[in-house]
>>> print(open('data-v1.cif').read())   # mmCIF, C-alpha atoms and all ligand atoms
data_final
loop_
_atom_site.label_atom_id
_atom_site.label_comp_id
_atom_site.auth_asym_id
_atom_site.auth_seq_id
_atom_site.Cartn_x
_atom_site.Cartn_y
_atom_site.Cartn_z
CA MET A 1 -17.06 6.27 36.85
CA GLN A 2 -14.65 7.17 34.05
CA ILE A 3 -14.03 4.46 31.46
CA PRO A 4 -11.88 5.49 28.49
CA GLY A 5 -11.97 3.93 25.02
CA ALA A 6 -8.44 2.56 25.46
CA ASP A 7 -5.85 2.56 28.24
CA LEU A 8 -2.43 2.53 26.63
CA ARG A 9 -0.70 3.85 29.75
CA ALA A 10 -1.83 0.78 31.67
CA GLN A 11 -0.76 -1.51 28.83
CA HIS A 12 2.69 0.06 28.70
CA ALA A 13 3.13 0.33 32.48
CA ALA A 14 2.99 -3.47 32.63
CA LEU A 15 5.83 -3.67 30.07
CA ARG A 16 7.75 -0.61 31.21
CA GLU A 17 11.14 -2.24 31.84
CA ASP A 18 11.15 -4.19 28.60
CA LEU A 19 10.05 -1.15 26.59
CA GLN A 20 12.72 0.99 28.20
CA ALA A 21 15.38 -1.63 27.52
CA ALA A 22 14.32 -1.73 23.87
CA MET A 23 14.48 2.07 23.60
CA THR A 24 17.93 2.11 25.17
CA ARG A 25 19.12 -0.61 22.80
CA VAL A 26 18.04 1.48 19.80
CA LEU A 27 19.43 4.67 21.33
CA ASP A 28 22.82 3.02 21.77
CA SER A 29 22.81 1.32 18.37
CA GLY A 30 23.20 4.50 16.33
CA SER A 31 20.86 3.01 13.70
CA TYR A 32 17.38 4.54 13.65
CA VAL A 33 15.64 3.82 10.35
CA LEU A 34 15.22 0.27 8.95
CA GLY A 35 18.29 -1.84 9.87
CA GLU A 36 18.61 -4.91 12.09
CA GLU A 37 15.82 -4.06 14.50
CA VAL A 38 13.31 -3.68 11.66
CA ALA A 39 14.54 -6.86 9.95
CA ALA A 40 14.11 -8.78 13.22
CA PHE A 41 10.57 -7.48 13.70
CA GLU A 42 9.74 -8.35 10.10
CA ARG A 43 10.88 -11.95 10.67
CA GLU A 44 8.95 -12.23 13.92
CA PHE A 45 5.73 -10.71 12.60
CA ALA A 46 5.83 -12.81 9.41
CA ALA A 47 6.23 -15.93 11.55
CA TYR A 48 3.36 -14.84 13.79
CA CYS A 49 1.06 -14.34 10.79
CA GLY A 50 2.17 -17.59 9.16
CA SER A 51 3.37 -15.57 6.15
CA LYS A 52 6.64 -16.01 4.36
CA HIS A 53 7.57 -12.33 4.27
CA CYS A 54 6.88 -9.07 6.06
CA VAL A 55 7.89 -5.56 4.96
CA GLY A 56 7.77 -2.85 7.62
CA VAL A 57 6.44 0.53 6.49
CA ALA A 58 5.56 3.89 8.02
CA ASN A 59 1.84 3.32 8.72
CA GLY A 60 -1.19 1.27 7.72
CA THR A 61 -2.36 3.63 5.01
CA ASP A 62 1.04 3.43 3.31
CA ALA A 63 0.91 -0.36 3.61
CA LEU A 64 -2.27 -0.31 1.50
CA VAL A 65 -0.86 2.22 -0.97
CA LEU A 66 2.37 0.26 -1.45
CA ALA A 67 0.51 -3.04 -1.79
CA LEU A 68 -1.64 -1.49 -4.53
CA ARG A 69 1.36 0.15 -6.23
CA ILE A 70 2.53 -3.41 -6.96
CA PHE A 71 -0.24 -3.70 -9.55
CA ARG A 72 0.76 -0.55 -11.51
CA LEU A 73 -2.80 0.72 -11.59
CA LYS A 74 -4.11 3.15 -14.19
CA PRO A 75 -6.79 5.83 -13.69
CA ASP A 76 -9.49 3.65 -15.31
CA ASP A 77 -8.71 0.62 -13.16
CA TYR A 78 -11.06 -0.27 -10.35
CA VAL A 79 -10.24 -1.56 -6.90
CA ALA A 80 -13.26 -2.88 -5.00
CA VAL A 81 -13.59 -1.72 -1.39
CA PRO A 82 -16.39 -2.08 1.14
CA ALA A 83 -18.69 0.95 1.35
CA PHE A 84 -18.38 0.80 5.14
CA THR A 85 -14.85 0.94 6.56
CA PHE A 86 -12.29 3.47 7.78
CA ALA A 87 -11.58 6.05 5.06
CA ALA A 88 -7.94 4.93 4.60
CA THR A 89 -9.08 1.80 2.74
CA ALA A 90 -10.57 3.83 -0.12
CA GLU A 91 -8.07 6.68 0.17
CA ALA A 92 -5.28 4.22 -0.59
CA VAL A 93 -6.96 3.30 -3.89
CA CYS A 94 -7.02 6.97 -4.93
CA LEU A 95 -3.43 7.52 -3.78
CA ALA A 96 -2.34 4.49 -5.83
CA GLY A 97 -3.90 6.15 -8.88
CA ALA A 98 -7.06 4.06 -9.39
CA ARG A 99 -10.81 4.32 -8.76
CA PRO A 100 -12.51 2.90 -5.68
CA LEU A 101 -15.41 0.59 -6.56
CA PHE A 102 -17.66 0.69 -3.52
CA VAL A 103 -19.44 -2.54 -2.64
CA ASP A 104 -22.19 -2.89 -0.04
CA VAL A 105 -21.55 -4.89 3.13
CA ASP A 106 -23.16 -7.94 4.66
CA PRO A 107 -25.77 -6.65 7.13
CA THR A 108 -24.72 -9.07 9.88
CA THR A 109 -20.91 -8.99 9.77
CA LEU A 110 -20.59 -5.52 8.14
CA ASN A 111 -17.79 -6.98 6.03
CA LEU A 112 -17.71 -6.88 2.23
CA ASP A 113 -20.66 -8.90 0.91
CA PRO A 114 -19.48 -11.40 -1.76
CA ALA A 115 -22.92 -11.37 -3.45
CA ALA A 116 -22.80 -7.57 -3.70
CA LEU A 117 -19.23 -7.83 -5.03
CA ARG A 118 -20.36 -10.21 -7.76
CA ALA A 119 -23.24 -7.90 -8.73
CA THR A 120 -21.09 -4.75 -8.68
CA ILE A 121 -18.23 -6.08 -10.79
CA ALA A 122 -20.73 -7.22 -13.43
CA HIS A 123 -21.04 -3.48 -14.31
CA ILE A 124 -17.32 -2.98 -15.03
CA PRO A 125 -16.30 -5.94 -17.18
CA GLY A 126 -12.54 -6.41 -17.38
CA ARG A 127 -11.67 -3.37 -15.29
CA LEU A 128 -11.38 -4.83 -11.78
CA ARG A 129 -7.73 -5.07 -10.79
CA ALA A 130 -7.91 -5.71 -7.06
CA VAL A 131 -10.24 -6.15 -4.10
CA ILE A 132 -9.46 -4.85 -0.62
CA ALA A 133 -11.06 -7.16 1.93
CA VAL A 134 -11.30 -5.33 5.26
CA HIS A 135 -11.52 -7.43 8.43
CA LEU A 136 -13.75 -4.87 10.10
CA TYR A 137 -13.62 -4.59 13.89
CA GLY A 138 -11.35 -7.67 13.98
CA GLN A 139 -13.56 -10.19 12.17
CA PRO A 140 -12.08 -11.74 9.01
CA ALA A 141 -14.02 -11.08 5.81
CA ALA A 142 -15.49 -13.93 3.72
CA MET A 143 -12.09 -14.65 2.17
CA ALA A 144 -12.85 -17.91 0.33
CA GLU A 145 -15.68 -16.33 -1.68
CA ILE A 146 -13.82 -13.06 -2.22
CA ASN A 147 -10.65 -14.85 -3.39
CA ASP A 148 -12.71 -16.94 -5.85
CA LEU A 149 -14.60 -13.95 -7.27
CA ALA A 150 -11.37 -11.94 -7.65
CA ALA A 151 -9.52 -14.84 -9.27
CA ALA A 152 -12.29 -15.24 -11.84
CA GLN A 153 -11.65 -11.61 -12.86
CA GLY A 154 -7.87 -11.93 -12.81
CA ALA A 155 -7.84 -9.51 -9.86
CA CYS A 156 -5.75 -9.73 -6.69
CA VAL A 157 -7.01 -9.64 -3.11
CA VAL A 158 -5.37 -7.30 -0.62
CA GLU A 159 -6.34 -7.67 3.03
CA ASP A 160 -6.83 -4.57 5.13
CA ALA A 161 -5.94 -6.28 8.40
CA ALA A 162 -5.41 -3.02 10.30
CA GLN A 163 -8.03 -4.10 12.87
CA ALA A 164 -7.33 -7.83 12.82
CA HIS A 165 -3.82 -8.70 14.05
CA GLY A 166 -4.00 -12.35 15.04
CA ALA A 167 -7.54 -13.00 13.79
CA ARG A 168 -8.06 -16.33 12.06
CA SER A 169 -10.17 -17.61 9.19
CA GLN A 170 -10.37 -21.38 8.74
CA GLY A 171 -7.36 -21.64 11.02
CA ARG A 172 -5.16 -19.20 9.07
CA ARG A 173 -4.11 -15.82 10.38
CA ALA A 174 -5.13 -12.50 8.90
CA GLY A 175 -2.36 -11.27 6.62
CA GLY A 176 -2.02 -14.71 5.06
CA LEU A 177 -5.51 -14.91 3.56
CA GLY A 178 -4.99 -12.97 0.31
CA ARG A 179 -2.11 -11.99 -1.96
CA LEU A 180 -0.89 -9.20 0.34
CA GLY A 181 -1.85 -8.35 3.92
CA CYS A 182 -1.73 -4.78 5.22
CA PHE A 183 -1.37 -3.88 8.88
CA SER A 184 -1.37 -0.69 10.92
CA PHE A 185 0.38 -0.48 14.27
CA TYR A 186 -1.25 2.80 15.24
CA PRO A 187 -1.12 2.84 19.06
CA THR A 188 -4.75 1.81 19.71
CA LYS A 189 -4.75 -1.17 17.30
CA ASN A 190 -4.63 -4.70 18.72
CA LEU A 191 -0.85 -4.51 18.26
CA GLY A 192 0.22 -0.89 18.54
CA ALA A 193 3.53 0.95 18.37
CA LEU A 194 4.28 4.12 20.35
CA GLY A 195 3.75 6.18 17.23
CA ASP A 196 2.88 5.38 13.62
CA ALA A 197 3.99 2.11 12.02
CA GLY A 198 2.69 -0.45 9.53
CA ALA A 199 3.59 -3.61 7.64
CA ILE A 200 2.76 -5.70 4.59
CA THR A 201 2.79 -9.50 4.65
CA THR A 202 2.93 -11.86 1.68
CA ASP A 203 3.95 -15.36 0.67
CA ASP A 204 4.96 -14.13 -2.77
CA ASP A 205 8.78 -14.08 -3.20
CA GLY A 206 8.39 -12.07 -6.37
CA LEU A 207 6.69 -9.13 -4.67
CA VAL A 208 8.94 -8.60 -1.68
CA GLU A 209 11.88 -6.95 -3.37
CA ARG A 210 9.56 -4.54 -5.15
CA LEU A 211 7.85 -3.64 -1.86
CA ARG A 212 11.23 -3.04 -0.21
CA MET A 213 12.19 -0.75 -3.09
CA LEU A 214 8.86 1.09 -3.07
CA ARG A 215 9.10 1.94 0.64
CA ASP A 216 12.60 3.42 0.19
CA HIS A 217 12.52 5.76 -2.83
CA GLY A 218 12.54 2.89 -5.31
CA GLN A 219 16.17 2.17 -4.45
CA PHE A 220 17.71 -1.11 -5.49
CA GLY A 221 21.11 -0.17 -4.06
CA LYS A 222 22.36 3.10 -2.65
CA TYR A 223 21.32 5.85 -5.12
CA VAL A 224 20.20 3.26 -7.65
CA HIS A 225 16.57 4.31 -8.16
CA GLN A 226 14.88 1.54 -10.07
CA ILE A 227 11.30 2.77 -9.78
CA VAL A 228 9.54 5.83 -8.38
CA GLY A 229 8.91 4.97 -4.76
CA LEU A 230 8.32 6.98 -1.64
CA ASN A 231 9.65 7.32 1.86
CA SER A 232 7.62 4.90 3.92
CA ARG A 233 10.29 3.29 6.06
CA LEU A 234 9.72 1.81 9.50
CA ASP A 235 11.73 3.31 12.38
CA ALA A 236 14.03 1.06 14.40
CA LEU A 237 12.54 2.45 17.61
CA GLN A 238 8.98 1.42 16.67
CA ALA A 239 10.19 -1.99 15.49
CA ALA A 240 12.02 -2.57 18.80
CA LEU A 241 8.91 -1.59 20.80
CA LEU A 242 6.70 -3.80 18.62
CA ARG A 243 9.06 -6.72 19.28
CA VAL A 244 8.42 -6.28 23.00
CA LYS A 245 4.66 -6.18 22.50
CA LEU A 246 4.17 -8.93 19.88
CA PRO A 247 4.61 -11.84 22.35
CA HIS A 248 1.64 -10.45 24.33
CA LEU A 249 -0.71 -10.12 21.36
CA ASP A 250 -2.40 -13.51 21.72
CA ALA A 251 -3.11 -12.98 25.42
CA TRP A 252 -4.49 -9.50 24.69
CA ASN A 253 -6.74 -10.87 21.95
CA THR A 254 -7.96 -13.62 24.28
CA ARG A 255 -8.84 -10.93 26.81
CA ARG A 256 -10.67 -8.89 24.14
CA ARG A 257 -12.74 -11.97 23.27
CA ALA A 258 -13.51 -12.58 26.95
CA ILE A 259 -14.75 -8.98 27.27
CA ALA A 260 -16.93 -9.43 24.18
CA ALA A 261 -18.36 -12.61 25.74
CA ILE A 262 -19.32 -10.66 28.88
CA TYR A 263 -21.03 -7.98 26.77
CA ASN A 264 -22.89 -10.66 24.82
CA ARG A 265 -24.03 -12.32 28.03
CA GLU A 266 -24.99 -9.16 29.89
CA LEU A 267 -26.72 -7.47 26.96
CA ALA A 268 -28.57 -10.54 25.66
CA GLY A 269 -32.30 -10.07 25.30
CA LEU A 270 -32.16 -6.28 25.08
CA PRO A 271 -33.42 -4.49 21.97
CA LEU A 272 -29.90 -4.19 20.55
CA THR A 273 -28.20 -6.04 17.71
CA LEU A 274 -25.05 -7.61 19.12
CA PRO A 275 -22.07 -8.50 16.91
CA SER A 276 -22.46 -11.88 15.26
CA ALA A 277 -19.55 -14.15 14.43
CA ALA A 278 -19.31 -15.74 11.00
CA PRO A 279 -18.61 -19.50 11.02
CA ASP A 280 -14.97 -20.62 10.87
CA VAL A 281 -13.49 -17.31 11.96
CA GLU A 282 -11.80 -16.11 15.13
CA HIS A 283 -12.81 -12.51 15.82
CA VAL A 284 -10.23 -10.44 17.75
CA PHE A 285 -12.59 -7.61 18.73
CA HIS A 286 -10.49 -4.61 17.88
CA LEU A 287 -13.83 -2.91 18.54
CA PHE A 288 -17.00 -4.18 20.18
CA VAL A 289 -19.74 -2.74 17.97
CA ALA A 290 -23.48 -3.21 18.48
CA ARG A 291 -26.49 -1.56 16.81
CA THR A 292 -29.66 0.25 17.72
CA ARG A 293 -31.92 2.66 15.82
CA GLU A 294 -31.59 5.01 18.80
CA ARG A 295 -27.83 5.05 18.74
CA ASP A 296 -27.26 8.78 19.21
CA GLY A 297 -29.23 8.89 22.48
CA LEU A 298 -27.45 5.86 23.87
CA VAL A 299 -23.97 7.14 23.02
CA GLU A 300 -24.79 10.48 24.61
CA HIS A 301 -26.09 8.76 27.75
CA LEU A 302 -22.96 6.62 28.05
CA ASN A 303 -20.71 9.64 27.54
CA ARG A 304 -22.63 11.61 30.18
CA ARG A 305 -21.93 8.75 32.55
CA GLY A 306 -18.20 8.91 31.83
CA ILE A 307 -18.11 5.89 29.49
CA ALA A 308 -16.27 6.48 26.23
CA SER A 309 -18.72 5.19 23.63
CA SER A 310 -18.26 6.34 20.06
CA VAL A 311 -19.27 5.55 16.47
CA HIS A 312 -17.18 3.58 13.99
CA TYR A 313 -18.21 4.99 11.52
CA PRO A 314 -20.85 7.74 11.30
CA LYS A 315 -21.05 7.71 7.48
CA ALA A 316 -20.72 5.15 4.72
CA LEU A 317 -17.73 6.14 2.59
CA PRO A 318 -19.82 7.01 -0.51
CA GLU A 319 -21.57 9.57 1.73
CA GLN A 320 -18.29 11.33 2.58
CA HIS A 321 -17.41 14.53 0.74
CA ALA A 322 -13.98 13.14 -0.21
CA PHE A 323 -15.68 10.54 -2.43
CA ALA A 324 -18.51 12.72 -3.75
CA TYR A 325 -16.70 12.89 -7.10
CA LEU A 326 -17.65 9.26 -7.68
CA GLY A 327 -21.27 10.44 -7.98
CA HIS A 328 -23.09 7.98 -5.72
CA GLN A 329 -26.66 8.59 -4.57
CA PRO A 330 -28.24 7.95 -1.16
CA GLY A 331 -29.76 4.46 -1.06
CA GLU A 332 -27.16 2.84 -3.32
CA PHE A 333 -25.50 1.05 -0.38
CA PRO A 334 -28.44 0.34 1.93
CA HIS A 335 -26.64 -1.92 4.40
CA ALA A 336 -23.62 0.36 4.73
CA GLU A 337 -25.85 3.41 5.15
CA ALA A 338 -28.02 1.69 7.78
CA ALA A 339 -24.90 0.57 9.67
CA ALA A 340 -23.60 4.15 9.72
CA ARG A 341 -26.87 5.29 11.34
CA GLU A 342 -27.06 2.49 13.92
CA VAL A 343 -23.63 1.30 15.07
CA PHE A 344 -22.06 2.27 18.38
CA THR A 345 -18.84 1.12 20.02
CA LEU A 346 -18.43 0.05 23.64
CA PRO A 347 -15.01 0.03 25.37
CA CYS A 348 -13.14 -3.20 24.63
CA TYR A 349 -9.44 -3.35 25.41
CA PRO A 350 -7.36 -5.87 27.34
CA GLU A 351 -6.88 -3.70 30.44
CA LEU A 352 -10.63 -3.27 30.99
CA SER A 353 -11.83 -5.18 34.08
CA ASP A 354 -14.80 -7.57 34.15
CA ALA A 355 -16.42 -5.29 36.74
CA ALA A 356 -16.14 -2.28 34.44
CA VAL A 357 -17.76 -4.24 31.58
CA VAL A 358 -20.63 -5.28 33.86
CA GLU A 359 -21.08 -1.66 34.94
CA ILE A 360 -21.15 -0.45 31.34
CA CYS A 361 -23.88 -3.02 30.63
CA GLN A 362 -25.80 -1.76 33.65
CA VAL A 363 -25.72 1.79 32.24
CA VAL A 364 -26.92 0.49 28.85
CA ARG A 365 -29.79 -1.41 30.49
CA GLU A 366 -30.73 1.62 32.55
CA TRP A 367 -30.95 3.77 29.42
CA ILE A 368 -33.10 1.21 27.65
CA SER A 369 -35.48 0.84 30.61
CA THR A 370 -36.01 4.56 31.20
CA ARG A 371 -36.30 5.85 27.69
C1 LIG A 401 -6.21 2.16 11.21
C2 LIG A 401 -6.72 1.72 9.90
C3 LIG A 401 -6.06 2.00 8.70
C4 LIG A 401 -4.93 2.98 8.57
O1 LIG A 401 -3.86 2.79 9.38
P1 LIG A 401 -2.87 4.01 9.76
O2 LIG A 401 -1.72 3.34 10.39
O3 LIG A 401 -3.62 4.90 10.69
O4 LIG A 401 -2.51 4.71 8.49
C5 LIG A 401 -6.53 1.44 7.53
N1 LIG A 401 -7.63 0.66 7.52
C6 LIG A 401 -8.33 0.39 8.64
C7 LIG A 401 -9.52 -0.50 8.55
C8 LIG A 401 -7.90 0.91 9.87
O5 LIG A 401 -8.62 0.64 10.97
#
>>> encode(input="data-v1.cif", output="structure tokens")
Amino acid sequence: MQIPGADLRAQHAALREDLQAAMTRVLDSGSYVLGEEVAAFEREFAAYCGSKHCVGVANGTDALVLALRIFRLKPDDYVAVPAFTFAATAEAVCLAGARPLFVDVDPTTLNLDPAALRATIAHIPGRLRAVIAVHLYGQPAAMAEINDLAAAQGACVVEDAAQAHGARSQGRRAGGLGRLGCFSFYPTKNLGALGDAGAITTDDDGLVERLRMLRDHGQFGKYVHQIVGLNSRLDALQAALLRVKLPHLDAWNTRRRAIAAIYNRELAGLPLTLPSAAPDVEHVFHLFVARTRERDGLVEHLNRRGIASSVHYPKALPEQHAFAYLGHQPGEFPHAEAAAREVFTLPCYPELSDAAVVEICQVVREWISTR
């Protein structure tokens, strides 16, 4: 049995004609960067998220960098980020010219822990400028608490929704839960392009023009460079392909949740910690992540059996060499560090069959019973 971690060829085979028509439309249009196709995707994705505006950019990391550039950060400014997330979340803070302030995560959701945020910002009075709330694995962070804590400091909340397209918190979609929402459309995300792409959502009329300038060399009009920006434009081709895929996102997310429900049913009662859903949120299972102290053995066993299990992520960010300059010590982020030692990911993507999920669970049970 060979079960990959994603099956994009199957996803695209089902949409082949529509994707080809979109590519041909762009090919024939003669317009390949920004333009009508991008504007149309921006309108459609903003509407999907329930946000007023959307600005298409080159990738999810740039979305975070551009969102942070809005705040004109200085080297002594702090941006709080969870200690356990994909590296891009913290990288973006450095690229925007500020300091990441790592905050430990909630041991059950693995999202930023509001209590830890409160305790951590007490050490840097007046220097917190923003908080990046990551909706890790597709589960919205504790936005109400995080928004309140940030507001009390005069700081803004940026969502890293790169794993949470379509997820909801108290009925509202990811991307509309903070001041700015950042998305990646990397091919394996819940909504993926056929290359790199990203977007920023916001309800704030005042920010949109600045974001549009920032993504295109700070231009206000042709060769009128108002601010120092960068080239982070979205391609027409990716926008056209995303427009084909967006109408399928809800059905794909429903399928991801159904797969997660099978895992939860089939793996119940085993000595594993299964993902737990916070109240009032709709998890979209970008990844199905469980925990065991004997993670490495289990992942190896699954891989030997042809099942693509992996680890998201093997280190807490303060443990990564890239962030060593911040001077953190082992034990400072106990929940993030424990998660990095124990988490493992099982295949969870819309094209995966029920039978394959049941078989994966069988292999997990077998490993547990024979070890
Ligand atoms: C994928 C991802 C990003 C970065 O997106 P890219 O498009 O690859 O730059 C940022 N944050 C998280 C949590 C992600 O999963």
>>> residues_near_ligand(input="data-v1.cif", ligand="ligand LIG 401 (chain A)", cutoff="8 Å", atoms="all atoms listed in the file", output="short mmCIF file (atom, residue, chain, number, x, y, z; two decimals) with C-alpha atoms, keeping the file's coordinate frame")
data_model
loop_
_atom_site.label_atom_id
_atom_site.label_comp_id
_atom_site.auth_asym_id
_atom_site.auth_seq_id
_atom_site.Cartn_x
_atom_site.Cartn_y
_atom_site.Cartn_z
CA ALA A 58 5.56 3.89 8.02
CA ASN A 59 1.84 3.32 8.72
CA GLY A 60 -1.19 1.27 7.72
CA THR A 61 -2.36 3.63 5.01
CA ASP A 62 1.04 3.43 3.31
CA ALA A 63 0.91 -0.36 3.61
CA LEU A 64 -2.27 -0.31 1.50
CA THR A 85 -14.85 0.94 6.56
CA PHE A 86 -12.29 3.47 7.78
CA ALA A 87 -11.58 6.05 5.06
CA ALA A 88 -7.94 4.93 4.60
CA THR A 89 -9.08 1.80 2.74
CA VAL A 134 -11.30 -5.33 5.26
CA HIS A 135 -11.52 -7.43 8.43
CA LEU A 136 -13.75 -4.87 10.10
CA TYR A 137 -13.62 -4.59 13.89
CA ASP A 160 -6.83 -4.57 5.13
CA ALA A 161 -5.94 -6.28 8.40
CA ALA A 162 -5.41 -3.02 10.30
CA GLN A 163 -8.03 -4.10 12.87
CA PHE A 183 -1.37 -3.88 8.88
CA SER A 184 -1.37 -0.69 10.92
CA PHE A 185 0.38 -0.48 14.27
CA TYR A 186 -1.25 2.80 15.24
CA LYS A 189 -4.75 -1.17 17.30
CA ASP A 196 2.88 5.38 13.62
CA ALA A 197 3.99 2.11 12.02
CA GLY A 198 2.69 -0.45 9.53
#
>>> closest_residue(input="data-v1.cif", among="A:His12, A:Arg212, A:His248, A:Arg99", to="Glu42 in chain A", atoms="all atoms listed in the file")
A:Arg212
>>> residues_near_point(input="data-v1.cif", point="(14.3, -0.2, 11.8)", cutoff="10 Å", atoms="all atoms listed in the file", output="list in words")
Val26, Ser31, Tyr32, Val33, Leu34, Gly35, Glu36, Glu37, Val38, Ala39, Ala40, Phe41, Glu42, Gly56, Val57, Arg233, Leu234, Asp235, Ala236, Leu237, Gln238, Ala239 and Ala240 of chain A
>>> residues_around(input="data-v1.cif", residues="His225 in chain A", least_positions_apart="3", cutoff="12 Å", atoms="only C-alpha atoms", output="JSON, numbers by chain")
{"A": [210, 213, 214, 215, 216, 217, 218, 219, 220, 221, 222, 228, 229, 230]}
>>> atom_distance(input="data-v1.cif", atom1="CA of Gln170 in chain A", atom2="CA of Val281 in chain A")
6.1 Å
>>> closest_residue(input="data-v1.cif", among="A:Tyr263, A:Tyr223, A:Phe45, A:Phe71", to="Ile200 in chain A", atoms="all atoms listed in the file")
A:Phe45
>>> atom_distance(input="data-v1.cif", atom1="CA of Pro4 in chain A", atom2="CA of Ala83 in chain A")
28.3 Å
>>> residues_near_point(input="data-v1.cif", point="(-7.2, -16.7, 1.8)", cutoff="12 Å", atoms="all atoms listed in the file", output="count of residues only")
35
>>> residues_around(input="data-v1.cif", residues="Leu274 in chain A", least_positions_apart="3", cutoff="10 Å", atoms="only C-alpha atoms", output="ChimeraX atom specification")
/A:108,260,263-264,267-271,277,288-292,343
>>> residues_around(input="data-v1.cif", residues="range 352-362 of chain A", least_positions_apart="3", cutoff="7 Å", atoms="only C-alpha atoms", output="ChimeraX atom specification")
/A:263,266-267,348-349,365-366
>>> write_last_selection(input="data-v1.cif", atoms="C-alpha atoms", output="short mmCIF file (atom, residue, chain, number, x, y, z; two decimals), keeping the file's coordinate frame")
data_model
loop_
_atom_site.label_atom_id
_atom_site.label_comp_id
_atom_site.auth_asym_id
_atom_site.auth_seq_id
_atom_site.Cartn_x
_atom_site.Cartn_y
_atom_site.Cartn_z
CA TYR A 263 -21.03 -7.98 26.77
CA GLU A 266 -24.99 -9.16 29.89
CA LEU A 267 -26.72 -7.47 26.96
CA CYS A 348 -13.14 -3.20 24.63
CA TYR A 349 -9.44 -3.35 25.41
CA ARG A 365 -29.79 -1.41 30.49
CA GLU A 366 -30.73 1.62 32.55
#
>>> closest_residue(input="data-v1.cif", among="A:His328, A:Lys52, A:Arg257, A:Lys74", to="Pro350 in chain A", atoms="all atoms listed in the file")
A:Arg257
>>> closest_residue(input="data-v1.cif", among="A:Val224, A:Glu351, A:Glu337, A:Arg243", to="Ala258 in chain A", atoms="all atoms listed in the file")
A:Glu351
>>> residues_around(input="data-v1.cif", residues="Lys315 in chain A", least_positions_apart="6", cutoff="12 Å", atoms="all atoms listed in the file", output="list in words")
Ala83, Phe84, Thr85, Phe86, Ala87, His321, Ala322, Phe323, Pro330, Phe333, Pro334, His335, Ala336, Glu337, Ala338, Ala339, Ala340, Arg341, Glu342 and Val343 of chain A
>>> write_last_selection(input="data-v1.cif", atoms="C-alpha atoms", output="PDB file, in the coordinates of the input")
ATOM      1  CA  ALA A  83     -18.690   0.950   1.350  1.00  0.00           C
ATOM      2  CA  PHE A  84     -18.380   0.800   5.140  1.00  0.00           C
ATOM      3  CA  THR A  85     -14.850   0.940   6.560  1.00  0.00           C
ATOM      4  CA  PHE A  86     -12.290   3.470   7.780  1.00  0.00           C
ATOM      5  CA  ALA A  87     -11.580   6.050   5.060  1.00  0.00           C
ATOM      6  CA  HIS A 321     -17.410  14.530   0.740  1.00  0.00           C
ATOM      7  CA  ALA A 322     -13.980  13.140  -0.210  1.00  0.00           C
ATOM      8  CA  PHE A 323     -15.680  10.540  -2.430  1.00  0.00           C
ATOM      9  CA  PRO A 330     -28.240   7.950  -1.160  1.00  0.00           C
ATOM     10  CA  PHE A 333     -25.500   1.050  -0.380  1.00  0.00           C
ATOM     11  CA  PRO A 334     -28.440   0.340   1.930  1.00  0.00           C
ATOM     12  CA  HIS A 335     -26.640  -1.920   4.400  1.00  0.00           C
ATOM     13  CA  ALA A 336     -23.620   0.360   4.730  1.00  0.00           C
ATOM     14  CA  GLU A 337     -25.850   3.410   5.150  1.00  0.00           C
ATOM     15  CA  ALA A 338     -28.020   1.690   7.780  1.00  0.00           C
ATOM     16  CA  ALA A 339     -24.900   0.570   9.670  1.00  0.00           C
ATOM     17  CA  ALA A 340     -23.600   4.150   9.720  1.00  0.00           C
ATOM     18  CA  ARG A 341     -26.870   5.290  11.340  1.00  0.00           C
ATOM     19  CA  GLU A 342     -27.060   2.490  13.920  1.00  0.00           C
ATOM     20  CA  VAL A 343     -23.630   1.300  15.070  1.00  0.00           C
TER      21      VAL A 343
END
>>> atom_distance(input="data-v1.cif", atom1="CA of Ala324 in chain A", atom2="CA of Asp106 in chain A")
22.8 Å
>>> residues_around(input="data-v1.cif", residues="Gly126 in chain A", least_positions_apart="2", cutoff="10 Å", atoms="only C-alpha atoms", output="PyMOL selection string")
chain A and resi 77-78+121-124+128-129+153-155
>>> closest_residue(input="data-v1.cif", among="A:Arg127, A:Arg69, A:Arg256, A:Lys245", to="Pro187 in chain A", atoms="only C-alpha atoms")
A:Lys245
>>> build_atoms(input="data-v1.cif", residues="range 312-318 of chain A", atoms="N, CA and C atoms", output="PDB file, in the coordinates of the input")
ATOM      1  N   HIS A 312     -18.076   3.998  15.071  1.00  0.00           N
ATOM      2  CA  HIS A 312     -17.180   3.580  13.990  1.00  0.00           C
ATOM      3  C   HIS A 312     -18.015   2.910  12.897  1.00  0.00           C
ATOM      4  N   TYR A 313     -18.547   3.648  11.929  1.00  0.00           N
ATOM      5  CA  TYR A 313     -18.210   4.990  11.520  1.00  0.00           C
ATOM      6  C   TYR A 313     -19.502   5.715  11.235  1.00  0.00           C
ATOM      7  N   PRO A 314     -19.561   7.037  11.400  1.00  0.00           N
ATOM      8  CA  PRO A 314     -20.850   7.740  11.300  1.00  0.00           C
ATOM      9  C   PRO A 314     -21.382   7.909   9.875  1.00  0.00           C
ATOM     10  N   LYS A 315     -20.569   7.635   8.866  1.00  0.00           N
ATOM     11  CA  LYS A 315     -21.050   7.710   7.480  1.00  0.00           C
ATOM     12  C   LYS A 315     -20.505   6.538   6.684  1.00  0.00           C
ATOM     13  N   ALA A 316     -21.273   6.074   5.710  1.00  0.00           N
ATOM     14  CA  ALA A 316     -20.720   5.150   4.720  1.00  0.00           C
ATOM     15  C   ALA A 316     -19.764   5.968   3.863  1.00  0.00           C
ATOM     16  N   LEU A 317     -18.710   5.345   3.335  1.00  0.00           N
ATOM     17  CA  LEU A 317     -17.730   6.140   2.590  1.00  0.00           C
ATOM     18  C   LEU A 317     -18.309   6.866   1.371  1.00  0.00           C
ATOM     19  N   PRO A 318     -19.269   6.258   0.625  1.00  0.00           N
ATOM     20  CA  PRO A 318     -19.820   7.010  -0.510  1.00  0.00           C
ATOM     21  C   PRO A 318     -20.545   8.284  -0.064  1.00  0.00           C
TER      22      PRO A 318
END
